[in-house]
$ cat upload_21.pdb   # PDB, C-alpha atoms
ATOM      1  CA  MET P  24     -73.252  -5.997-112.738
ATOM      2  CA  GLN P  25     -75.951  -8.067-114.405
ATOM      3  CA  HIS P  26     -75.121 -11.634-115.396
ATOM      4  CA  ILE P  27     -77.108 -14.109-117.443
ATOM      5  CA  ILE P  28     -79.007 -16.540-115.223
ATOM      6  CA  TRP P  29     -79.128 -20.044-116.686
ATOM      7  CA  ASN P  30     -81.944 -22.147-115.276
ATOM      8  CA  ILE P  31     -83.034 -24.380-118.146
ATOM      9  CA  ASP P  32     -84.562 -27.736-117.225
ATOM     10  CA  PRO P  33     -82.199 -30.488-118.488
ATOM     11  CA  ILE P  34     -85.270 -32.476-119.524
ATOM     12  CA  LEU P  35     -86.583 -31.299-122.884
ATOM     13  CA  LEU P  36     -89.680 -33.520-123.040
ATOM     14  CA  ASP P  37     -91.197 -35.624-120.272
ATOM     15  CA  PHE P  38     -93.489 -38.495-121.254
ATOM     16  CA  GLY P  39     -93.510 -40.058-117.801
ATOM     17  CA  VAL P  40     -91.471 -43.227-118.176
ATOM     18  CA  ILE P  41     -89.577 -41.804-121.147
ATOM     19  CA  LYS P  42     -87.682 -38.538-120.749
ATOM     20  CA  ILE P  43     -85.842 -36.789-123.559
ATOM     21  CA  ARG P  44     -82.958 -34.714-122.254
ATOM     22  CA  TRP P  45     -81.171 -31.852-123.954
ATOM     23  CA  TYR P  46     -77.893 -33.703-123.407
ATOM     24  CA  GLY P  47     -79.215 -36.804-125.152
ATOM     25  CA  LEU P  48     -80.494 -34.680-128.030
ATOM     26  CA  MET P  49     -77.089 -32.999-128.446
ATOM     27  CA  PHE P  50     -75.331 -36.364-128.190
ATOM     28  CA  ALA P  51     -77.549 -37.848-130.913
ATOM     29  CA  THR P  52     -77.238 -34.729-133.084
ATOM     30  CA  GLY P  53     -73.465 -35.025-132.810
ATOM     31  CA  PHE P  54     -73.539 -38.541-134.217
ATOM     32  CA  VAL P  55     -75.929 -37.550-137.008
ATOM     33  CA  GLY P  56     -73.628 -34.674-137.962
ATOM     34  CA  SER P  57     -70.653 -37.031-137.807
ATOM     35  CA  PHE P  58     -72.419 -39.538-140.054
ATOM     36  CA  LEU P  59     -73.242 -36.870-142.637
ATOM     37  CA  THR P  60     -69.648 -35.631-142.619
ATOM     38  CA  MET P  61     -68.316 -39.162-143.111
ATOM     39  CA  GLN P  62     -70.898 -39.735-145.847
ATOM     40  CA  TRP P  63     -69.531 -36.694-147.686
ATOM     41  CA  ILE P  64     -65.955 -37.959-147.258
ATOM     42  CA  TYR P  65     -66.808 -41.458-148.493
ATOM     43  CA  GLN P  66     -68.683 -40.100-151.517
ATOM     44  CA  ARG P  67     -65.799 -37.739-152.259
ATOM     45  CA  GLU P  68     -63.374 -40.662-152.286
ATOM     46  CA  SER P  69     -65.733 -43.106-154.039
ATOM     47  CA  LYS P  70     -65.860 -45.397-150.997
ATOM     48  CA  ASN P  71     -68.720 -47.749-150.148
ATOM     49  CA  VAL P  72     -71.114 -45.566-148.128
ATOM     50  CA  GLU P  73     -72.957 -48.646-146.832
ATOM     51  CA  GLU P  74     -69.937 -49.425-144.653
ATOM     52  CA  LEU P  75     -70.741 -46.326-142.606
ATOM     53  CA  ASP P  76     -73.686 -48.014-140.897
ATOM     54  CA  THR P  77     -71.319 -50.487-139.266
ATOM     55  CA  LEU P  78     -68.704 -47.821-138.582
ATOM     56  CA  LEU P  79     -71.331 -45.668-136.844
ATOM     57  CA  TRP P  80     -72.209 -48.465-134.428
ATOM     58  CA  TYR P  81     -68.552 -49.066-133.660
ATOM     59  CA  MET P  82     -68.186 -45.361-132.898
ATOM     60  CA  VAL P  83     -71.348 -45.051-130.784
ATOM     61  CA  VAL P  84     -70.508 -48.043-128.591
ATOM     62  CA  ALA P  85     -66.835 -47.061-128.306
ATOM     63  CA  THR P  86     -67.673 -43.477-127.353
ATOM     64  CA  ILE P  87     -70.180 -44.387-124.641
ATOM     65  CA  VAL P  88     -68.227 -47.297-123.151
ATOM     66  CA  GLY P  89     -64.865 -45.555-123.394
ATOM     67  CA  ALA P  90     -66.146 -42.250-122.019
ATOM     68  CA  ARG P  91     -67.894 -43.968-119.102
ATOM     69  CA  LEU P  92     -64.938 -46.152-118.161
ATOM     70  CA  GLY P  93     -62.669 -43.129-118.548
ATOM     71  CA  HIS P  94     -64.738 -41.199-116.010
ATOM     72  CA  VAL P  95     -64.816 -44.177-113.654
ATOM     73  CA  LEU P  96     -61.087 -44.909-113.801
ATOM     74  CA  PHE P  97     -59.617 -41.421-114.300
ATOM     75  CA  TYR P  98     -61.838 -39.161-112.199
ATOM     76  CA  ASP P  99     -63.549 -41.064-109.376
ATOM     77  CA  PRO P 100     -62.192 -44.628-109.100
ATOM     78  CA  ALA P 101     -62.630 -44.904-105.317
ATOM     79  CA  TYR P 102     -66.383 -44.260-105.484
ATOM     80  CA  TYR P 103     -67.067 -46.650-108.353
ATOM     81  CA  LEU P 104     -64.902 -49.433-106.923
ATOM     82  CA  SER P 105     -67.047 -49.162-103.787
ATOM     83  CA  HIS P 106     -70.301 -48.980-105.816
ATOM     84  CA  PRO P 107     -69.645 -51.087-108.965
ATOM     85  CA  LEU P 108     -73.285 -51.135-110.079
ATOM     86  CA  LYS P 109     -73.148 -47.330-110.375
ATOM     87  CA  ILE P 110     -70.765 -47.793-113.315
ATOM     88  CA  LEU P 111     -73.823 -48.687-115.396
ATOM     89  CA  ALA P 112     -75.792 -45.579-114.324
ATOM     90  CA  ILE P 113     -74.704 -43.364-117.221
ATOM     91  CA  TRP P 114     -77.974 -41.407-116.945
ATOM     92  CA  GLU P 115     -76.583 -39.895-113.745
ATOM     93  CA  GLY P 116     -73.775 -38.261-115.756
ATOM     94  CA  GLY P 117     -70.066 -38.898-115.913
ATOM     95  CA  LEU P 118     -68.434 -39.258-119.342
ATOM     96  CA  ALA P 119     -64.766 -38.435-119.943
ATOM     97  CA  SER P 120     -63.470 -37.294-123.332
ATOM     98  CA  HIS P 121     -60.061 -38.881-122.708
ATOM     99  CA  GLY P 122     -61.745 -42.243-122.183
ATOM    100  CA  ALA P 123     -63.848 -41.711-125.304
ATOM    101  CA  ALA P 124     -60.662 -41.078-127.301
ATOM    102  CA  ILE P 125     -59.122 -44.346-126.105
ATOM    103  CA  GLY P 126     -62.361 -46.197-126.847
ATOM    104  CA  ILE P 127     -62.542 -44.800-130.379
ATOM    105  CA  LEU P 128     -58.901 -45.648-131.113
ATOM    106  CA  THR P 129     -59.532 -49.232-129.974
ATOM    107  CA  ALA P 130     -62.788 -49.564-131.927
ATOM    108  CA  LEU P 131     -61.228 -48.274-135.143
ATOM    109  CA  TYR P 132     -58.409 -50.785-134.816
ATOM    110  CA  LEU P 133     -60.965 -53.593-134.547
ATOM    111  CA  TYR P 134     -63.023 -52.115-137.387
ATOM    112  CA  ARG P 135     -60.105 -51.885-139.827
ATOM    113  CA  ARG P 136     -59.281 -55.559-139.201
ATOM    114  CA  ARG P 137     -62.752 -56.407-140.531
ATOM    115  CA  PHE P 138     -62.877 -54.030-143.497
ATOM    116  CA  GLY P 139     -59.187 -53.800-144.354
ATOM    117  CA  ASP P 140     -58.834 -50.015-144.419
ATOM    118  CA  SER P 141     -55.539 -48.473-143.362
ATOM    119  CA  TYR P 142     -55.623 -47.539-139.682
ATOM    120  CA  PHE P 143     -54.270 -44.044-140.291
ATOM    121  CA  TRP P 144     -56.590 -43.604-143.277
ATOM    122  CA  LEU P 145     -59.510 -44.215-140.932
ATOM    123  CA  LEU P 146     -58.115 -42.049-138.138
ATOM    124  CA  ASP P 147     -57.556 -39.093-140.462
ATOM    125  CA  ARG P 148     -61.177 -39.145-141.554
ATOM    126  CA  VAL P 149     -63.006 -40.147-138.382
ATOM    127  CA  THR P 150     -61.322 -37.477-136.268
ATOM    128  CA  ILE P 151     -62.876 -34.718-138.387
ATOM    129  CA  PRO P 152     -66.504 -35.340-137.338
ATOM    130  CA  THR P 153     -65.327 -36.295-133.836
ATOM    131  CA  ALA P 154     -64.551 -32.613-133.255
ATOM    132  CA  LEU P 155     -68.097 -31.716-134.327
ATOM    133  CA  ALA P 156     -69.612 -34.318-132.007
ATOM    134  CA  GLY P 157     -67.438 -33.041-129.163
ATOM    135  CA  ALA P 158     -68.756 -29.508-129.673
ATOM    136  CA  LEU P 159     -72.384 -30.631-129.500
ATOM    137  CA  ILE P 160     -71.746 -32.778-126.433
ATOM    138  CA  ARG P 161     -70.282 -29.757-124.637
ATOM    139  CA  ILE P 162     -73.448 -27.819-125.478
ATOM    140  CA  GLY P 163     -75.311 -30.721-123.853
ATOM    141  CA  ASN P 164     -73.134 -30.254-120.763
ATOM    142  CA  PHE P 165     -74.162 -26.595-120.767
ATOM    143  CA  PHE P 166     -77.849 -27.550-120.723
ATOM    144  CA  ASN P 167     -77.091 -29.921-117.837
ATOM    145  CA  SER P 168     -75.304 -27.174-115.877
ATOM    146  CA  GLU P 169     -72.280 -29.464-115.484
ATOM    147  CA  ILE P 170     -68.509 -29.236-116.067
ATOM    148  CA  LEU P 171     -68.648 -25.805-114.505
ATOM    149  CA  GLY P 172     -66.204 -22.954-114.944
ATOM    150  CA  LEU P 173     -64.544 -21.078-112.131
ATOM    151  CA  PRO P 174     -66.284 -18.019-110.658
ATOM    152  CA  THR P 175     -65.712 -14.791-112.591
ATOM    153  CA  GLN P 176     -66.849 -11.173-112.575
ATOM    154  CA  GLU P 177     -66.445 -10.828-116.327
ATOM    155  CA  PRO P 178     -69.639  -9.522-117.997
ATOM    156  CA  TRP P 179     -70.069 -12.773-119.909
ATOM    157  CA  GLY P 180     -70.117 -14.830-116.712
ATOM    158  CA  ILE P 181     -73.210 -17.023-116.322
ATOM    159  CA  ILE P 182     -75.043 -17.913-113.125
ATOM    160  CA  PHE P 183     -76.018 -21.600-113.173
ATOM    161  CA  ALA P 184     -79.017 -21.241-110.901
ATOM    162  CA  ARG P 185     -79.412 -24.988-110.429
ATOM    163  CA  VAL P 186     -75.928 -25.095-108.874
ATOM    164  CA  ASP P 187     -75.210 -21.869-106.982
ATOM    165  CA  PRO P 188     -75.599 -18.060-107.260
ATOM    166  CA  LEU P 189     -72.030 -17.427-108.462
ATOM    167  CA  PRO P 190     -71.339 -16.090-111.978
ATOM    168  CA  ARG P 191     -68.995 -18.534-113.688
ATOM    169  CA  HIS P 192     -67.020 -18.885-116.881
ATOM    170  CA  PRO P 193     -69.282 -20.680-119.418
ATOM    171  CA  VAL P 194     -66.386 -23.029-120.091
ATOM    172  CA  GLN P 195     -68.673 -25.531-121.826
ATOM    173  CA  LEU P 196     -69.374 -22.911-124.516
ATOM    174  CA  TYR P 197     -65.687 -21.958-124.751
ATOM    175  CA  GLU P 198     -64.898 -25.605-125.421
ATOM    176  CA  ALA P 199     -67.776 -26.097-127.865
ATOM    177  CA  PHE P 200     -66.688 -23.074-129.911
ATOM    178  CA  ALA P 201     -63.050 -24.230-129.902
ATOM    179  CA  TYR P 202     -64.050 -27.708-131.108
ATOM    180  CA  LEU P 203     -66.093 -26.218-133.949
ATOM    181  CA  VAL P 204     -62.967 -24.294-135.007
ATOM    182  CA  VAL P 205     -60.960 -27.540-134.828
ATOM    183  CA  TYR P 206     -63.624 -29.224-136.973
ATOM    184  CA  GLY P 207     -63.302 -26.530-139.641
ATOM    185  CA  ILE P 208     -59.496 -26.580-139.588
ATOM    186  CA  CYS P 209     -59.371 -30.383-139.820
ATOM    187  CA  LEU P 210     -61.672 -30.268-142.846
ATOM    188  CA  GLN P 211     -59.304 -27.850-144.576
ATOM    189  CA  ILE P 212     -56.229 -29.906-143.664
ATOM    190  CA  TYR P 213     -57.954 -33.022-144.997
ATOM    191  CA  LYS P 214     -58.629 -31.344-148.353
ATOM    192  CA  LYS P 215     -54.958 -30.342-148.698
ATOM    193  CA  GLN P 216     -53.075 -33.145-146.916
ATOM    194  CA  ALA P 217     -55.217 -36.235-147.504
ATOM    195  CA  ASP P 218     -52.219 -37.908-149.179
ATOM    196  CA  LYS P 219     -50.211 -37.826-145.927
ATOM    197  CA  PRO P 220     -51.632 -40.562-143.646
ATOM    198  CA  GLY P 221     -51.638 -39.512-140.015
ATOM    199  CA  PHE P 222     -51.292 -35.771-140.649
ATOM    200  CA  VAL P 223     -54.956 -34.884-140.041
ATOM    201  CA  PHE P 224     -55.097 -37.189-137.025
ATOM    202  CA  GLY P 225     -51.951 -35.709-135.506
ATOM    203  CA  SER P 226     -53.211 -32.168-136.066
ATOM    204  CA  PHE P 227     -56.519 -33.106-134.450
ATOM    205  CA  LEU P 228     -54.848 -34.534-131.342
ATOM    206  CA  ILE P 229     -52.658 -31.465-130.880
ATOM    207  CA  MET P 230     -55.515 -28.999-131.287
ATOM    208  CA  MET P 231     -58.225 -30.847-129.340
ATOM    209  CA  PHE P 232     -56.120 -31.708-126.337
ATOM    210  CA  SER P 233     -54.331 -28.361-126.269
ATOM    211  CA  VAL P 234     -57.810 -26.845-125.958
ATOM    212  CA  ARG P 235     -58.583 -29.290-123.134
ATOM    213  CA  PHE P 236     -55.286 -28.470-121.419
ATOM    214  CA  LEU P 237     -55.733 -24.692-121.598
ATOM    215  CA  LEU P 238     -59.404 -24.616-120.617
ATOM    216  CA  GLU P 239     -58.677 -26.644-117.493
ATOM    217  CA  TYR P 240     -57.415 -23.344-116.044
ATOM    218  CA  PHE P 241     -61.006 -22.033-116.236
ATOM    219  CA  LYS P 242     -62.774 -25.174-114.932
ATOM    220  CA  THR P 243     -63.607 -26.436-111.493
ATOM    221  CA  GLU P 244     -61.657 -29.588-110.684
ATOM    222  CA  GLN P 245     -63.394 -32.640-112.138
ATOM    223  CA  ALA P 246     -61.394 -35.379-110.422
ATOM    224  CA  MET P 247     -62.483 -36.463-106.951
ATOM    225  CA  TYR P 248     -58.880 -36.604-105.755
ATOM    226  CA  ASP P 249     -55.802 -34.377-105.594
ATOM    227  CA  THR P 250     -53.117 -35.091-108.187
ATOM    228  CA  GLY P 251     -50.503 -33.625-105.862
ATOM    229  CA  LEU P 252     -49.192 -31.565-108.791
ATOM    230  CA  ALA P 253     -49.772 -28.100-110.205
ATOM    231  CA  LEU P 254     -51.636 -29.731-113.102
ATOM    232  CA  THR P 255     -55.169 -31.111-112.956
ATOM    233  CA  ALA P 256     -56.067 -34.681-113.859
ATOM    234  CA  GLY P 257     -57.520 -33.420-117.154
ATOM    235  CA  GLN P 258     -54.261 -31.683-118.028
ATOM    236  CA  LEU P 259     -52.144 -34.711-117.136
ATOM    237  CA  LEU P 260     -54.367 -36.915-119.311
ATOM    238  CA  SER P 261     -54.124 -34.456-122.218
ATOM    239  CA  ILE P 262     -50.321 -34.409-122.399
ATOM    240  CA  PRO P 263     -49.870 -37.946-123.856
ATOM    241  CA  PHE P 264     -52.402 -37.168-126.601
ATOM    242  CA  ILE P 265     -50.593 -33.938-127.536
ATOM    243  CA  VAL P 266     -47.245 -35.756-127.636
ATOM    244  CA  GLY P 267     -48.856 -38.526-129.693
ATOM    245  CA  GLY P 268     -50.188 -35.921-132.143
ATOM    246  CA  ILE P 269     -46.718 -34.425-132.604
ATOM    247  CA  ALA P 270     -45.288 -37.907-133.207
ATOM    248  CA  CYS P 271     -47.986 -38.636-135.813
ATOM    249  CA  ILE P 272     -47.211 -35.445-137.752
ATOM    250  CA  ILE P 273     -43.453 -36.130-137.681
ATOM    251  CA  ARG P 274     -44.097 -39.689-138.891
ATOM    252  CA  SER P 275     -46.432 -38.476-141.620
ATOM    253  CA  LEU P 276     -44.037 -35.840-142.949
ATOM    254  CA  LYS P 277     -41.090 -38.239-142.778
ATOM    255  CA  ASN P 278     -42.874 -41.018-144.700
ATOM    256  CA  HIS P 279     -44.680 -38.690-147.133
ATOM    257  CA  PRO P 280     -42.568 -35.584-147.730
ATOM    258  CA  SER P 281     -44.018 -32.802-149.833
ATOM    259  CA  LYS P 282     -43.025 -32.933-153.479
ATOM    260  CA  SER P 283     -40.636 -30.182-154.460
ATOM    261  CA  VAL P 284     -41.485 -27.999-157.427
ATOM    262  CA  ALA P 285     -38.680 -27.646-160.007
TER
END
$ encode --input "upload_21.pdb" --output "structure tokens"
Amino acid sequence: MQHIIWNIDPILLDFGVIKIRWYGLMFATGFVGSFLTMQWIYQRESKNVEELDTLLWYMVVATIVGARLGHVLFYDPAYYLSHPLKILAIWEGGLASHGAAIGILTALYLYRRRFGDSYFWLLDRVTIPTALAGALIRIGNFFNSEILGLPTQEPWGIIFARVDPLPRHPVQLYEAFAYLVVYGICLQIYKKQADKPGFVFGSFLIMMFSVRFLLEYFKTEQAMYDTGLALTAGQLLSIPFIVGGIACIIRSLKNHPSKSVA
């Protein structure tokens, strides 16, 4: 059986001292796409678009810092506690989506204190482009031949030649596609349920982290330790977000019930 052999150089352009990587390009493209989506939302709601410049910086810093600390603390704490300077070496890889989520939640709380927007108003809108950025980042992981899937003999299995000769589930692409679907669904929910603060955010949490939970069954273990349970570290970290999403939807529907039609 023939399988696709993936052997793309992670470096897109090499200028000697400066190297442009596919991952970095996807990461930046994700933030550009997120900015354009938020620009459309702000224009649609007659909000001050100039505020987005500040919001973008909050999001960029929160995503990078949160994702890096998430990887350090959730997936390989022993190594980084022994080599603390390696925490700063983000170019070597190691960003965790669960940490990014916590970082973004914290940054938005600080942001709303400055600009006065409702916290749930912000969450409902920011989570929409977050799904898009997540999809592009996973494509970056694919170019890096990282976050590998388990070996498979399915015809769509891909051999990551820079890693080993085994055909594997292209789980990065599974996740990217799923996040694009979440992005589209969240946009539709926003158009119909924008008057229910927390509903879009809750829906986002349930969908995004259910995807993470399910796709863990197709991934190699990311944590450098054994959880001692049948669930992986990624699955255990996803459960609180799913529960939080359910709570947000219940809260939203309770505080803003749909109007009955006589």
$ resolve_selection --input "upload_21.pdb" --expression "the PyMOL selection byres ((chain P and resi 44) around 9)" --output "short mmCIF file (atom, residue, chain, number, x, y, z; two decimals) with C-alpha atoms, in the frame of the given file"
data_model
loop_
_atom_site.label_atom_id
_atom_site.label_comp_id
_atom_site.auth_asym_id
_atom_site.auth_seq_id
_atom_site.Cartn_x
_atom_site.Cartn_y
_atom_site.Cartn_z
CA ASP P 32 -84.56 -27.74 -117.22
CA PRO P 33 -82.20 -30.49 -118.49
CA ILE P 34 -85.27 -32.48 -119.52
CA LEU P 35 -86.58 -31.30 -122.88
CA LEU P 36 -89.68 -33.52 -123.04
CA ASP P 37 -91.20 -35.62 -120.27
CA LYS P 42 -87.68 -38.54 -120.75
CA ILE P 43 -85.84 -36.79 -123.56
CA TRP P 45 -81.17 -31.85 -123.95
CA TYR P 46 -77.89 -33.70 -123.41
CA GLY P 47 -79.22 -36.80 -125.15
CA LEU P 48 -80.49 -34.68 -128.03
CA MET P 49 -77.09 -33.00 -128.45
CA GLY P 163 -75.31 -30.72 -123.85
CA PHE P 166 -77.85 -27.55 -120.72
CA ASN P 167 -77.09 -29.92 -117.84
#
$ resolve_selection --input "upload_21.pdb" --expression "the PyMOL selection byres ((chain P and resi 228) around 12)" --output "PyMOL selection string"
chain P and resi 121+124-125+128+146-147+150-151+153-154+202+205-206+209+221-227+229-236+261-272
$ resolve_selection --input "upload_21.pdb" --expression "the PyMOL selection byres ((chain P and resi 152) around 9)" --output "ChimeraX atom specification"
/P:53-54,56-61,148-151,153-157,206,210
$ atom_distance --input "upload_21.pdb" --atom1 "CA of Trp144 (chain P)" --atom2 "CA of Val84 (chain P)"
20.7 Å
$ closest_residue --input "upload_21.pdb" --among "P:Gln25, P:Ser69, P:Ser275, P:Asn30" --to "Ala217 (chain P)" --atoms "only C-alpha atoms"
P:Ser275
$ atom_distance --input "upload_21.pdb" --atom1 "CA of Trp29 (chain P)" --atom2 "CA of Ile170 (chain P)"
14.1 Å
$ residues_near_point --input "upload_21.pdb" --point "(-48.4, -39.9, -151.6)" --cutoff "12 Å" --atoms "all atoms listed in the file" --output "number ranges by chain"
P: 215-220, 275-282
$ residues_near_point --input "upload_21.pdb" --point "(-67.3, -48.8, -121.1)" --cutoff "10 Å" --atoms "all atoms listed in the file" --output "count of residues only"
19
$ atom_distance --input "upload_21.pdb" --atom1 "CA of Thr52 (chain P)" --atom2 "CA of Asp76 (chain P)"
15.8 Å
